[in-house]
Amino acid sequence: MSVLAWIVLGLVVGFMFGNIVEGRAKGYLIDLGSGIVGAVIGGLIATLIIFDNPMKVLDPYSLIGAVVGAVVVLTAIRTVRLRRRARAETKAGLN
């Protein structure tokens with residue numbers, strides 16, 4: 001049941017991150033999907049490190065891990081997108 005909480009948390013973090021970073025969300029599906037993936041991975045890692053029951057719904061350690069995981073994945077994807085855009089602009093002679 002905690003995986004469902006991580007998915008919902010990933011949706012929320014993905015939506016908020018997309019709106020905060022650029023002022024408005026661009027690529028809702030990428031933000032939401034990345035948030036879900038990061039939240040599930042972060043929640044699982046936190047649960048494994050703490051050796052807690054993964055079926056708890058509101059375990060604070062796994063929820064914190066889910067938020068951290070979602071932010072890490074979203075930041076990594078955002079960084080890759082920005083570097084690709086900068087590289088394309090450099091090749092086109094715009095920069």
# chains A, B, ... in the order shown; residues from 1 in each chain; ligands from 1
>>> select_by_dssp(residues="stretch 36-88 of chain A", states="alpha helix (DSSP H)", output="number ranges by chain")
A: 36-50, 60-88
>>> residues_around(residues="A:Val12", least_positions_apart="5", cutoff="9 Å", atoms="only C-alpha atoms", output="list in words")
Ile7, Phe17, Leu32, Gly35 and Ile36 of chain A
>>> residues_around(residues="A:Ile45", least_positions_apart="4", cutoff="8 Å", atoms="only C-alpha atoms", output="list of chain:residue names")
A:Ile41, A:Ile49, A:Ser62, A:Gly65
>>> atom_distance(atom1="atom CA of A:Met16", atom2="atom CA of A:Asp31")
9.0 Å
>>> atom_distance(atom1="atom CA of A:Val37", atom2="atom CA of A:Gly10")
7.3 Å
>>> residues_around(residues="A:Leu74", least_positions_apart="2", cutoff="7 Å", atoms="only C-alpha atoms", output="PyMOL selection string")
chain A and resi 31+34-35+70-72+76-78
>>> write_last_selection(atoms="C-alpha atoms", output="PDB file, in the first residue's frame")
ATOM      1  CA  ASP A  31       7.459  15.860 -14.810  1.00  0.00           C
ATOM      2  CA  SER A  34       9.816  11.368 -13.421  1.00  0.00           C
ATOM      3  CA  GLY A  35       8.302  12.265 -10.073  1.00  0.00           C
ATOM      4  CA  ALA A  70      11.674  12.405  -6.978  1.00  0.00           C
ATOM      5  CA  VAL A  71      13.603  15.662  -6.709  1.00  0.00           C
ATOM      6  CA  VAL A  72      16.872  13.945  -7.678  1.00  0.00           C
ATOM      7  CA  ALA A  76      18.777  15.116 -13.384  1.00  0.00           C
ATOM      8  CA  ILE A  77      16.275  15.117 -16.247  1.00  0.00           C
ATOM      9  CA  ARG A  78      16.016  18.910 -16.169  1.00  0.00           C
TER      10      ARG A  78
END
>>> atom_distance(atom1="atom CA of A:Leu48", atom2="atom CA of A:Leu4")
17.1 Å
>>> closest_residue(among="A:Ala5, A:Leu29, A:Ala39, A:Ala92", to="A:Val73", atoms="only C-alpha atoms")
A:Ala39
>>> closest_residue(among="A:Thr75, A:Leu63, A:Trp6, A:Val68", to="A:Ile20", atoms="only C-alpha atoms")
A:Thr75
>>> residues_around(residues="A:Tyr28", least_positions_apart="3", cutoff="10 Å", atoms="only C-alpha atoms", output="list in words")
Leu11, Gly14, Phe15, Gly18, Asn19, Arg24, Ala25, Asp31, Leu32, Gly33 and Ser34 of chain A
